[in-house]
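Chemist: Below is a structure I'd like to ask you about.
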Amino acid sequence: MKARMMLMRTGMKKGFSSKYALMFYLVSALITITMQYFLWKAVLIGKADVVFKQTISYLVLMQFMNLIFPKSSYDLNDEVQSGDISLTLLKPMSLSTKLFWEGVGFSIAKIIVIGFVEIIIYFLLTPTVFTIFSLLMVLITMILAYILYFELELILGAFSFYTYSIWGITTLKSAILLIFSGNLFPLNYYPAIIRKIAEVLPFQYSFGSVGMVIENNNWGNFWNVITMQLIYIVIFRIVYKLMMKHSIKSIVIQGG
């Protein structure tokens, strides 16, 4: 546990070392929220005010999650390209554990600098009335969504052993997330066929599912979401383990 806390502090230091970049990101986020506010105000003209508030608060939540979720694929890619991966693999702590807890620390730094502002905006806009149980549901689904997204990032990062750059792969991931995760538009605005496909894919369970639990916070919906999240977390972990088992045998350091 002590080692994990040290890794968290390292991640937080990385975050605070780029606090000016985070401040610029905060300004950018506020501009984006303002644009979304007036855009959806025009799109949903004639609709009930509660529909508009649900939509804009949902988008603010998705922006918050996109902010705090780890980008561990780039960290793993940097380690492979620099050659530091050879030293990391010799340490008693696993590579995934190191990346996870450093990512948690970095996420905490981003929450402190930027996230609290977005959380306040969210609660000002949302028409949802939260209870202790509904907040617990949201917290659990968001933690599982974070872990699920981290496992996806590990798989993408593992491709660093096979290619000199994962930029194209991560770009493809971003495009798929835009379509199927619900972090750009609420999934209920999508055609029925895309909603059906999204329900069986893992991507919405790392973003849009949290918004689904907030809007429909009954126990049936909650258990359905966390069951799918846990299934995909296990599947992604197995895929990552298999990839790493093969990758380490054929590793070629690109730098160093």
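Labels for the structure tokens follow display order: chains A, B, ..., residues from 1 in each chain, ligands from 1.
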Applying 10 Å and only C-alpha atoms, which residues near Leu61 of chain A remain after dropping the ones on its own chain fewer than 6 positions away? List them as a list of chain:residue names.
Modeler: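 Non-adjacent residues within range: A:Thr55, A:Leu67, A:Glu118, A:Ile119, A:Ile121, A:Tyr122, A:Phe123, A:Thr126, A:Asn183, A:Phe207, A:Gly208, A:Val210, A:Gly211.
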Chemist: Now that the selection is made, can you save its residues with N, CA and C atoms as a short mmCIF file (atom, residue, chain, number, x, y, z; two decimals), in the first residue's frame?
Modeler:
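Saved to out_21.cif:
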```cif
data_model
loop_
_atom_site.label_atom_id
_atom_site.label_comp_id
_atom_site.auth_asym_id
_atom_site.auth_seq_id
_atom_site.Cartn_x
_atom_site.Cartn_y
_atom_site.Cartn_z
N THR A 55 -29.86 17.17 -20.77
CA THR A 55 -28.90 17.01 -21.85
C THR A 55 -27.60 17.74 -21.57
N LEU A 67 -12.01 14.15 -18.92
CA LEU A 67 -10.87 14.86 -18.32
C LEU A 67 -10.09 13.97 -17.37
N GLU A 118 -16.08 21.88 -12.93
CA GLU A 118 -17.06 21.18 -13.75
C GLU A 118 -18.11 20.48 -12.88
N ILE A 119 -17.71 19.97 -11.72
CA ILE A 119 -18.67 19.34 -10.81
C ILE A 119 -19.70 20.37 -10.33
N ILE A 121 -20.58 23.14 -11.88
CA ILE A 121 -21.45 23.46 -13.02
C ILE A 121 -22.48 22.36 -13.23
N TYR A 122 -22.03 21.11 -13.08
CA TYR A 122 -22.95 19.98 -13.27
C TYR A 122 -24.12 20.05 -12.29
N PHE A 123 -23.81 20.24 -11.01
CA PHE A 123 -24.88 20.26 -10.00
C PHE A 123 -25.77 21.49 -10.14
N THR A 126 -27.99 20.22 -13.43
CA THR A 126 -28.77 18.98 -13.46
C THR A 126 -30.11 19.14 -12.73
N ASN A 183 -20.21 9.80 -25.23
CA ASN A 183 -19.56 10.95 -24.57
C ASN A 183 -19.64 12.22 -25.40
N PHE A 207 -18.42 5.32 -20.40
CA PHE A 207 -18.85 6.72 -20.37
C PHE A 207 -20.37 6.83 -20.16
N GLY A 208 -21.11 6.58 -21.22
CA GLY A 208 -22.54 6.84 -21.21
C GLY A 208 -23.33 6.10 -20.15
N VAL A 210 -22.71 5.73 -17.07
CA VAL A 210 -22.81 6.52 -15.84
C VAL A 210 -23.97 7.50 -15.93
N GLY A 211 -24.09 8.14 -17.09
CA GLY A 211 -25.22 9.04 -17.31
C GLY A 211 -26.54 8.30 -17.29
#
```
Chemist: Any chance you could list, as a count of residues only, the residues in segment 99-194 of chain A that come up helix (DSSP H, G or I) when DSSP is run on the backbone?
Modeler: 77
Chemist: Find the residue from A:Val225, A:Ile108, A:Leu59, A:Val129 that sits nearest to Thr32 of chain A; use only C-alpha atoms when measuring.
Modeler: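 The closest residue to Thr32 of chain A is A:Leu59.
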Chemist: I'd like the interatomic distance between atom CA of Trp101 of chain A and atom CA of Lys13 of chain A, to a tenth of an Å.
Modeler: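 Spanning atom CA of Trp101 of chain A to atom CA of Lys13 of chain A is a straight-line distance of 12.6 Å.
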Chemist: Using only C-alpha atoms, which residue out of A:Met5, A:Thr170, A:Met62, A:Asp84 lies closest to Phe100 of chain A?
Modeler: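 Going through A:Met5, A:Thr170, A:Met62, A:Asp84 one by one, the smallest distance to Phe100 of chain A is for A:Met5.
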Chemist: Write out as a list in words which residues come within 12 Å of Ser134 of chain A when counting only C-alpha atoms, dropping same-chain ones fewer than 5 positions away.
Modeler: Thr128, Val129, Leu139, Ile140, Thr141, Val210, Gly211, Met212, Val213, Ile214, Glu215, Asn216, Asn217, Asn218, Trp219, Asn221 and Phe222 of chain A
Chemist: Would you work out the distance separating atom CA of Ser72 of chain A from atom CA of Lys241 of chain A, expressed in Å to one decimal?
Modeler: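 Atom CA of Lys241 of chain A lies at a distance of 15.6 Å from atom CA of Ser72 of chain A.
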Chemist: Could you check which of A:Leu154, A:Val50, A:Leu201, A:Ile238 is closest to Ser181 of chain A, using only C-alpha atoms?
Modeler: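 Under the stated criterion, the closest residue is A:Leu201.
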Chemist: Any idea what's packed within 12 Å of segment 164-169 of chain A, counting only C-alpha atoms, ignoring anything in its chain fewer than 3 positions away? Could you give it as a VMD selection string?
Modeler: chain A and resid 72 to 78 80 to 82 152 to 161 172 to 176 251 to 255
